[in-house]
$ cat run-v1.cif   # mmCIF, C-alpha atoms, pLDDT in the B column; chains and numbers go by the auth columns
data_coords
#
loop_
_atom_site.group_PDB
_atom_site.id
_atom_site.type_symbol
_atom_site.label_atom_id
_atom_site.label_comp_id
_atom_site.label_asym_id
_atom_site.label_seq_id
_atom_site.Cartn_x
_atom_site.Cartn_y
_atom_site.Cartn_z
_atom_site.B_iso_or_equiv
_atom_site.auth_seq_id
_atom_site.auth_asym_id
ATOM 1 C CA MET A 1 0.000 0.000 0.000 66.00 1 A
ATOM 2 C CA THR A 2 1.668 3.198 -1.143 75.00 2 A
ATOM 3 C CA GLY A 3 -1.301 5.484 -1.796 82.00 3 A
ATOM 4 C CA THR A 4 -0.629 5.718 -5.536 83.00 4 A
ATOM 5 C CA GLN A 5 -4.133 4.501 -6.431 85.00 5 A
ATOM 6 C CA ILE A 6 -5.876 7.221 -4.436 83.00 6 A
ATOM 7 C CA PHE A 7 -3.299 9.710 -5.732 81.00 7 A
ATOM 8 C CA ASP A 8 -4.233 8.828 -9.316 81.00 8 A
ATOM 9 C CA ARG A 9 -7.941 9.026 -8.490 81.00 9 A
ATOM 10 C CA LEU A 10 -7.555 12.492 -6.932 79.00 10 A
ATOM 11 C CA ALA A 11 -5.344 13.651 -9.790 79.00 11 A
ATOM 12 C CA GLY A 12 -8.013 12.469 -12.241 75.00 12 A
ATOM 13 C CA ASP A 13 -10.645 14.342 -10.237 64.00 13 A
ATOM 14 C CA ILE A 14 -8.655 17.548 -10.433 63.00 14 A
ATOM 15 C CA LYS A 15 -8.361 17.275 -14.204 64.00 15 A
ATOM 16 C CA SER A 16 -12.093 16.710 -14.687 64.00 16 A
ATOM 17 C CA SER A 17 -13.447 19.097 -12.055 61.00 17 A
ATOM 18 C CA ALA A 18 -14.533 22.042 -14.156 59.00 18 A
ATOM 19 C CA ASN A 19 -17.197 23.078 -11.637 56.00 19 A
ATOM 20 C CA ARG A 20 -15.324 22.364 -8.375 57.00 20 A
ATOM 21 C CA PRO A 21 -12.137 24.019 -7.102 52.00 21 A
ATOM 22 C CA PRO A 22 -9.242 21.564 -7.617 55.00 22 A
ATOM 23 C CA ASP A 23 -7.738 20.267 -4.395 77.00 23 A
ATOM 24 C CA GLU A 24 -4.119 20.377 -5.490 80.00 24 A
ATOM 25 C CA ASP A 25 -2.999 21.003 -1.909 85.00 25 A
ATOM 26 C CA ALA A 26 -4.439 17.668 -0.816 86.00 26 A
ATOM 27 C CA LEU A 27 -2.664 15.957 -3.688 89.00 27 A
ATOM 28 C CA ALA A 28 0.655 17.569 -2.749 91.00 28 A
ATOM 29 C CA ARG A 29 0.190 16.608 0.911 93.00 29 A
ATOM 30 C CA LEU A 30 -0.551 13.028 -0.095 93.00 30 A
ATOM 31 C CA ALA A 31 2.545 12.921 -2.321 94.00 31 A
ATOM 32 C CA GLU A 32 4.660 14.284 0.539 96.00 32 A
ATOM 33 C CA GLN A 33 3.343 11.631 2.935 95.00 33 A
ATOM 34 C CA MET A 34 3.803 8.847 0.383 95.00 34 A
ATOM 35 C CA THR A 35 7.370 10.010 -0.264 97.00 35 A
ATOM 36 C CA ALA A 36 8.175 10.152 3.459 97.00 36 A
ATOM 37 C CA ALA A 37 6.714 6.667 4.015 97.00 37 A
ATOM 38 C CA SER A 38 8.757 5.217 1.106 97.00 38 A
ATOM 39 C CA ILE A 39 11.941 6.796 2.481 98.00 39 A
ATOM 40 C CA THR A 40 11.258 5.353 5.940 97.00 40 A
ATOM 41 C CA SER A 41 10.666 1.811 4.665 97.00 41 A
ATOM 42 C CA GLY A 42 13.642 2.020 2.288 97.00 42 A
ATOM 43 C CA LYS A 43 15.930 3.060 5.157 97.00 43 A
ATOM 44 C CA MET A 44 14.583 0.231 7.295 96.00 44 A
ATOM 45 C CA LEU A 45 15.446 -2.295 4.582 96.00 45 A
ATOM 46 C CA ARG A 46 18.900 -0.727 4.060 95.00 46 A
ATOM 47 C CA GLU A 47 19.741 -1.557 7.669 93.00 47 A
ATOM 48 C CA LEU A 48 19.561 -5.226 6.664 94.00 48 A
ATOM 49 C CA ARG A 49 21.575 -5.039 3.431 94.00 49 A
ATOM 50 C CA GLU A 50 24.491 -7.161 4.637 93.00 50 A
ATOM 51 C CA ARG A 51 22.151 -10.115 5.047 93.00 51 A
ATOM 52 C CA MET A 52 21.635 -10.171 1.292 94.00 52 A
ATOM 53 C CA PHE A 53 25.278 -11.190 0.979 94.00 53 A
ATOM 54 C CA PRO A 54 25.867 -14.308 3.104 91.00 54 A
ATOM 55 C CA THR A 55 29.352 -15.678 3.666 87.00 55 A
ATOM 56 C CA ASN A 56 28.384 -19.284 2.958 85.00 56 A
ATOM 57 C CA ASP A 57 25.701 -21.187 1.080 84.00 57 A
ATOM 58 C CA GLU A 58 23.926 -22.424 4.183 90.00 58 A
ATOM 59 C CA PRO A 59 20.220 -22.816 3.205 93.00 59 A
ATOM 60 C CA SER A 60 18.830 -20.599 5.989 92.00 60 A
ATOM 61 C CA ALA A 61 21.256 -17.758 5.151 91.00 61 A
ATOM 62 C CA LEU A 62 20.424 -18.049 1.449 93.00 62 A
ATOM 63 C CA ASP A 63 16.720 -18.090 2.234 95.00 63 A
ATOM 64 C CA VAL A 64 17.071 -14.829 4.184 94.00 64 A
ATOM 65 C CA ALA A 65 19.127 -13.340 1.306 95.00 65 A
ATOM 66 C CA HIS A 66 16.494 -14.242 -1.304 96.00 66 A
ATOM 67 C CA THR A 67 13.607 -13.055 0.869 96.00 67 A
ATOM 68 C CA LEU A 68 15.349 -9.741 1.493 96.00 68 A
ATOM 69 C CA ARG A 69 16.130 -9.341 -2.203 97.00 69 A
ATOM 70 C CA ALA A 70 12.423 -9.858 -3.012 97.00 70 A
ATOM 71 C CA GLU A 71 11.528 -7.218 -0.384 97.00 71 A
ATOM 72 C CA PHE A 72 13.959 -4.761 -1.970 98.00 72 A
ATOM 73 C CA GLN A 73 12.560 -5.476 -5.452 98.00 73 A
ATOM 74 C CA GLN A 74 9.027 -4.842 -4.216 97.00 74 A
ATOM 75 C CA TRP A 75 10.119 -1.668 -2.441 97.00 75 A
ATOM 76 C CA VAL A 76 11.778 -0.369 -5.632 98.00 76 A
ATOM 77 C CA ALA A 77 8.667 -1.046 -7.725 97.00 77 A
ATOM 78 C CA GLU A 78 6.378 0.724 -5.243 96.00 78 A
ATOM 79 C CA SER A 79 8.776 3.574 -4.524 97.00 79 A
ATOM 80 C CA GLN A 80 9.388 4.176 -8.210 97.00 80 A
ATOM 81 C CA ALA A 81 5.623 4.698 -8.597 95.00 81 A
ATOM 82 C CA VAL A 82 5.645 7.190 -5.710 96.00 82 A
ATOM 83 C CA PHE A 83 8.758 8.935 -7.050 97.00 83 A
ATOM 84 C CA GLU A 84 7.241 9.382 -10.518 95.00 84 A
ATOM 85 C CA ARG A 85 4.116 11.012 -9.063 93.00 85 A
ATOM 86 C CA ALA A 86 6.114 13.313 -6.784 95.00 86 A
ATOM 87 C CA GLN A 87 8.340 14.242 -9.725 94.00 87 A
ATOM 88 C CA ARG A 88 5.283 15.000 -11.850 92.00 88 A
ATOM 89 C CA LEU A 89 4.039 17.475 -9.219 92.00 89 A
ATOM 90 C CA GLU A 90 7.503 19.014 -8.958 93.00 90 A
ATOM 91 C CA LEU A 91 7.598 19.515 -12.707 92.00 91 A
ATOM 92 C CA ALA A 92 4.216 21.247 -12.388 89.00 92 A
ATOM 93 C CA GLY A 93 5.737 23.670 -9.870 91.00 93 A
ATOM 94 C CA ARG A 94 4.766 21.955 -6.569 92.00 94 A
ATOM 95 C CA PRO A 95 7.964 21.026 -4.702 93.00 95 A
ATOM 96 C CA ILE A 96 7.576 17.768 -2.751 96.00 96 A
ATOM 97 C CA PRO A 97 10.087 17.443 0.114 96.00 97 A
ATOM 98 C CA GLY A 98 12.108 14.234 0.006 97.00 98 A
ATOM 99 C CA THR A 99 11.722 13.574 -3.731 97.00 99 A
ATOM 100 C CA ARG A 100 15.458 13.789 -4.372 96.00 100 A
ATOM 101 C CA GLU A 101 16.286 11.637 -1.341 97.00 101 A
ATOM 102 C CA LEU A 102 13.808 9.007 -2.490 98.00 102 A
ATOM 103 C CA GLY A 103 15.291 9.072 -6.009 97.00 103 A
ATOM 104 C CA ASP A 104 18.756 8.500 -4.551 97.00 104 A
ATOM 105 C CA LEU A 105 17.536 5.645 -2.340 98.00 105 A
ATOM 106 C CA ILE A 106 15.960 3.996 -5.393 98.00 106 A
ATOM 107 C CA GLY A 107 19.159 4.481 -7.433 98.00 107 A
ATOM 108 C CA MET A 108 21.370 3.032 -4.694 98.00 108 A
ATOM 109 C CA THR A 109 19.021 0.074 -4.304 98.00 109 A
ATOM 110 C CA LEU A 110 18.996 -0.612 -8.048 98.00 110 A
ATOM 111 C CA ALA A 111 22.825 -0.561 -8.054 98.00 111 A
ATOM 112 C CA MET A 112 22.817 -3.050 -5.161 98.00 112 A
ATOM 113 C CA LEU A 113 20.292 -5.319 -6.877 98.00 113 A
ATOM 114 C CA GLN A 114 22.760 -5.734 -9.757 97.00 114 A
ATOM 115 C CA VAL A 115 24.559 -8.155 -7.432 96.00 115 A
ATOM 116 C CA THR A 116 22.597 -11.335 -6.689 95.00 116 A
ATOM 117 C CA PRO A 117 23.320 -13.628 -3.715 93.00 117 A
ATOM 118 C CA GLN A 118 24.661 -16.188 -6.237 92.00 118 A
ATOM 119 C CA ASP A 119 26.999 -13.586 -7.782 93.00 119 A
ATOM 120 C CA HIS A 120 28.201 -12.790 -4.303 93.00 120 A
ATOM 121 C CA LEU A 121 28.930 -16.414 -3.378 93.00 121 A
ATOM 122 C CA ARG A 122 30.857 -16.868 -6.638 91.00 122 A
ATOM 123 C CA SER A 123 32.886 -13.728 -5.871 92.00 123 A
ATOM 124 C CA LEU A 124 33.759 -15.095 -2.429 91.00 124 A
ATOM 125 C CA ARG A 125 35.248 -18.193 -4.081 88.00 125 A
ATOM 126 C CA GLN A 126 37.096 -16.051 -6.644 87.00 126 A
ATOM 127 C CA ALA A 127 38.558 -13.781 -3.961 83.00 127 A
ATOM 128 C CA ARG A 128 39.776 -16.757 -1.931 76.00 128 A
ATOM 129 C CA ALA A 129 41.555 -18.111 -4.989 77.00 129 A
ATOM 130 C CA GLY A 130 43.067 -14.792 -6.103 72.00 130 A
ATOM 131 C CA SER A 131 46.338 -13.027 -5.417 76.00 131 A
ATOM 132 C CA THR A 132 46.597 -9.675 -3.648 79.00 132 A
ATOM 133 C CA LEU A 133 47.704 -6.295 -4.958 83.00 133 A
ATOM 134 C CA SER A 134 47.870 -2.711 -3.771 83.00 134 A
ATOM 135 C CA ILE A 135 45.368 -0.039 -4.756 86.00 135 A
ATOM 136 C CA GLU A 136 48.076 1.581 -6.909 86.00 136 A
ATOM 137 C CA GLU A 137 48.749 -1.701 -8.720 88.00 137 A
ATOM 138 C CA LEU A 138 45.027 -2.056 -9.383 88.00 138 A
ATOM 139 C CA ARG A 139 44.919 1.528 -10.659 90.00 139 A
ATOM 140 C CA ARG A 140 47.826 0.849 -13.036 89.00 140 A
ATOM 141 C CA GLU A 141 46.263 -2.399 -14.209 87.00 141 A
ATOM 142 C CA LEU A 142 43.041 -0.595 -15.155 88.00 142 A
ATOM 143 C CA GLN A 143 44.945 2.258 -16.817 87.00 143 A
ATOM 144 C CA LEU A 144 46.916 -0.271 -18.879 85.00 144 A
ATOM 145 C CA LYS A 145 43.703 -1.997 -19.947 82.00 145 A
ATOM 146 C CA ARG A 146 42.308 1.350 -21.102 79.00 146 A
ATOM 147 C CA GLY A 147 45.488 2.238 -22.896 76.00 147 A
ATOM 148 C CA GLY A 148 45.890 -1.084 -24.622 57.00 148 A
ATOM 149 C CA MET B 1 47.214 -0.165 8.929 69.00 1 B
ATOM 150 C CA SER B 2 48.056 -0.715 5.269 78.00 2 B
ATOM 151 C CA TYR B 3 45.796 -3.132 3.410 84.00 3 B
ATOM 152 C CA SER B 4 46.348 -5.130 0.246 87.00 4 B
ATOM 153 C CA LEU B 5 43.449 -5.905 -2.031 89.00 5 B
ATOM 154 C CA SER B 6 42.180 -9.144 -3.426 88.00 6 B
ATOM 155 C CA VAL B 7 39.767 -8.397 -6.229 90.00 7 B
ATOM 156 C CA ALA B 8 37.319 -11.087 -7.330 91.00 8 B
ATOM 157 C CA ALA B 9 37.276 -11.687 -11.085 89.00 9 B
ATOM 158 C CA ASP B 10 33.644 -10.550 -11.364 92.00 10 B
ATOM 159 C CA ALA B 11 34.385 -7.332 -9.459 92.00 11 B
ATOM 160 C CA ARG B 12 37.431 -6.711 -11.680 91.00 12 B
ATOM 161 C CA ALA B 13 35.292 -7.133 -14.797 92.00 13 B
ATOM 162 C CA ALA B 14 32.566 -4.859 -13.403 94.00 14 B
ATOM 163 C CA LEU B 15 35.167 -2.229 -12.496 94.00 15 B
ATOM 164 C CA ALA B 16 36.759 -2.401 -15.941 92.00 16 B
ATOM 165 C CA SER B 17 33.340 -1.939 -17.575 93.00 17 B
ATOM 166 C CA LEU B 18 32.814 1.476 -15.921 95.00 18 B
ATOM 167 C CA ASP B 19 33.678 4.715 -17.714 94.00 19 B
ATOM 168 C CA PRO B 20 37.339 5.571 -17.007 93.00 20 B
ATOM 169 C CA TRP B 21 36.467 8.597 -14.822 95.00 21 B
ATOM 170 C CA LEU B 22 34.097 6.424 -12.764 96.00 22 B
ATOM 171 C CA GLN B 23 36.760 3.718 -12.430 95.00 23 B
ATOM 172 C CA GLU B 24 39.039 6.356 -10.909 94.00 24 B
ATOM 173 C CA GLU B 25 36.273 7.627 -8.627 96.00 25 B
ATOM 174 C CA THR B 26 35.595 4.052 -7.494 96.00 26 B
ATOM 175 C CA LEU B 27 39.276 3.419 -6.782 95.00 27 B
ATOM 176 C CA ASP B 28 39.420 6.694 -4.828 94.00 28 B
ATOM 177 C CA GLU B 29 36.400 5.570 -2.831 95.00 29 B
ATOM 178 C CA ILE B 30 37.996 2.174 -2.091 94.00 30 B
ATOM 179 C CA GLU B 31 41.234 3.912 -1.100 92.00 31 B
ATOM 180 C CA LYS B 32 39.268 6.163 1.265 93.00 32 B
ATOM 181 C CA LEU B 33 37.645 3.087 2.834 92.00 33 B
ATOM 182 C CA LEU B 34 41.049 1.407 3.284 90.00 34 B
ATOM 183 C CA GLY B 35 42.180 4.428 5.288 88.00 35 B
ATOM 184 C CA ASP B 36 39.112 4.459 7.501 87.00 36 B
ATOM 185 C CA ALA B 37 39.256 1.663 10.065 84.00 37 B
ATOM 186 C CA ALA B 38 35.711 2.364 11.270 87.00 38 B
ATOM 187 C CA ALA B 39 34.302 1.970 7.768 87.00 39 B
ATOM 188 C CA LEU B 40 35.812 -1.499 7.534 88.00 40 B
ATOM 189 C CA ILE B 41 34.085 -2.881 10.600 87.00 41 B
ATOM 190 C CA PRO B 42 31.289 -5.197 9.484 85.00 42 B
ATOM 191 C CA ARG B 43 27.967 -4.975 11.280 83.00 43 B
ATOM 192 C CA SER B 44 27.346 -7.701 13.809 73.00 44 B
ATOM 193 C CA GLY B 45 26.287 -11.005 12.303 75.00 45 B
ATOM 194 C CA SER B 46 28.238 -10.475 9.081 84.00 46 B
ATOM 195 C CA ASP B 47 31.836 -10.217 7.929 89.00 47 B
ATOM 196 C CA ILE B 48 30.831 -8.333 4.787 93.00 48 B
ATOM 197 C CA VAL B 49 30.970 -4.548 4.480 95.00 49 B
ATOM 198 C CA VAL B 50 28.597 -2.921 2.018 96.00 50 B
ATOM 199 C CA HIS B 51 29.200 0.556 0.716 95.00 51 B
ATOM 200 C CA ASP B 52 27.633 2.813 -1.867 96.00 52 B
ATOM 201 C CA PHE B 53 28.318 6.256 -3.272 97.00 53 B
ATOM 202 C CA THR B 54 26.864 8.662 -5.800 97.00 54 B
ATOM 203 C CA ARG B 55 28.462 10.847 -8.447 97.00 55 B
ATOM 204 C CA THR B 56 26.852 13.319 -10.807 96.00 56 B
ATOM 205 C CA ALA B 57 28.357 13.919 -14.224 94.00 57 B
ATOM 206 C CA HIS B 58 27.162 14.936 -17.686 89.00 58 B
ATOM 207 C CA GLY B 59 23.661 15.569 -16.331 94.00 59 B
ATOM 208 C CA ARG B 60 23.317 12.011 -15.025 96.00 60 B
ATOM 209 C CA VAL B 61 23.530 10.462 -11.571 97.00 61 B
ATOM 210 C CA TYR B 62 25.747 7.393 -11.109 98.00 62 B
ATOM 211 C CA TYR B 63 25.078 5.066 -8.182 98.00 63 B
ATOM 212 C CA VAL B 64 27.847 2.579 -7.344 98.00 64 B
ATOM 213 C CA PHE B 65 27.525 -0.265 -4.866 98.00 65 B
ATOM 214 C CA LEU B 66 30.393 -2.350 -3.458 97.00 66 B
ATOM 215 C CA THR B 67 30.726 -5.377 -1.219 96.00 67 B
ATOM 216 C CA LEU B 68 34.005 -5.888 0.636 95.00 68 B
ATOM 217 C CA ARG B 69 35.350 -8.428 3.079 94.00 69 B
ATOM 218 C CA PRO B 70 38.112 -7.168 5.362 92.00 70 B
ATOM 219 C CA ALA B 71 40.513 -9.711 6.882 86.00 71 B
ATOM 220 C CA ARG B 72 42.322 -7.613 9.483 77.00 72 B
ATOM 221 C CA GLU B 73 44.737 -10.292 10.615 78.00 73 B
ATOM 222 C CA ALA B 74 45.994 -10.764 7.037 75.00 74 B
ATOM 223 C CA ALA B 75 45.719 -7.026 6.259 85.00 75 B
ATOM 224 C CA VAL B 76 43.760 -7.886 3.120 88.00 76 B
ATOM 225 C CA VAL B 77 40.446 -6.529 1.918 92.00 77 B
ATOM 226 C CA ASP B 78 38.567 -8.612 -0.612 92.00 78 B
ATOM 227 C CA VAL B 79 36.696 -6.510 -3.146 94.00 79 B
ATOM 228 C CA LEU B 80 33.886 -8.907 -3.915 94.00 80 B
ATOM 229 C CA SER B 81 31.323 -7.253 -6.129 95.00 81 B
ATOM 230 C CA LEU B 82 30.322 -4.016 -7.749 97.00 82 B
ATOM 231 C CA GLY B 83 26.966 -2.860 -9.069 97.00 83 B
ATOM 232 C CA CYS B 84 26.219 0.355 -10.918 97.00 84 B
ATOM 233 C CA PHE B 85 22.984 2.101 -11.856 98.00 85 B
ATOM 234 C CA VAL B 86 22.771 5.302 -13.900 97.00 86 B
ATOM 235 C CA ARG B 87 19.758 7.628 -13.830 93.00 87 B
#

$ encode --input "run-v1.cif" --output "structure tokens"
Amino acid sequence: MTGTQIFDRLAGDIKSSANRPPDEDALARLAEQMTAASITSGKMLRELRERMFPTNDEPSALDVAHTLRAEFQQWVAESQAVFERAQRLELAGRPIPGTRELGDLIGMTLAMLQVTPQDHLRSLRQARAGSTLSIEELRRELQLKRGG
Amino acid sequence: MSYSLSVAADARAALASLDPWLQEETLDEIEKLLGDAAALIPRSGSDIVVHDFTRTAHGRVYYVFLTLRPAREAAVVDVLSLGCFVR
């Protein structure tokens, strides 16, 4: 429940209300509350991020990782819907506090979701098998790759 | 404390796929983490450190996410994975 359905209904009402004064203030207040609620739930999930990257393939740890990943995916889908509506109001000249913060939370979450629990477990095995280098050696290695 | 890095093959490939300027920004960010002992302390119940940062360039916002595993006794930090999203 994000409030986007009632937002869309109210927004539709405003468009078609030739005889009634449009309640744009109510719409802006709703968008502000929806944005704040999405930020709060996104921050709550972020507190648990490490659990999406278990250190072994124990079934219970993997189950938590997959469940958390699904929660993040659902949060992104719902928050994206909220963000788009808040952005629409901003473009129409009604600033909605928190819109930028919500956009950043969504962006950071989408970057994190690029890495699956399986990717992570594979990387653990790769890191254990690899040799070490300094940050400067890594920098030179990447520069050489770009140059050559 | 001076750390060495062990970079997983997937993280290396993801790093190499970034635009050169963002590769440098990511290396700077990792270097900053290596110099910040507090940032390398995993939360309880995990030995993984997650970190993300944002850069704005060319009218776009770049979000970069990293997972690291510090091994203090060996003075090594494993760079495990990297994700990037551009808006």

$ interface_residues --input "run-v1.cif" --of "chain A" --to "chain B" --cutoff "7 Å" --atoms "only C-alpha atoms" --output "list of chain:residue names"
A:Glu50, A:Gly107, A:Met108, A:Leu110, A:Ala111, A:Met112, A:Gln114, A:Val115, A:His120, A:Ser123, A:Leu124, A:Gln126, A:Ala127, A:Gly130, A:Ser131, A:Thr132, A:Leu133, A:Ser134, A:Ile135, A:Leu142

$ atom_distance --input "run-v1.cif" --atom1 "CA of Thr40 in chain A" --atom2 "CA of Ala37 in chain B"
28.5 Å

$ resolve_selection --input "run-v1.cif" --expression "the PyMOL selection byres ((chain A and resi 45) around 10)" --output "number ranges by chain"
A: 39-44, 46-49, 68-69, 71-72, 75, 109

$ resolve_selection --input "run-v1.cif" --expression "the PyMOL selection byres ((chain A and resi 95-103) around 8)" --output "list in words"
Ala28, Ala31, Glu32, Thr35, Ala36, Ser38, Ile39, Ser79, Gln80, Phe83, Ala86, Gln87, Leu89, Glu90, Gly93, Arg94, Asp104, Leu105, Ile106 and Gly107 of chain A

$ atom_distance --input "run-v1.cif" --atom1 "CA of Ile6 in chain A" --atom2 "CA of Leu27 in chain A"
9.3 Å

$ atom_distance --input "run-v1.cif" --atom1 "CA of Leu33 in chain B" --atom2 "CA of Thr116 in chain A"
22.9 Å

$ closest_residue --input "run-v1.cif" --among "A:Arg51, A:Glu58, A:Gly3, A:Ala70" --to "Arg29 in chain A" --atoms "only C-alpha atoms"
A:Gly3
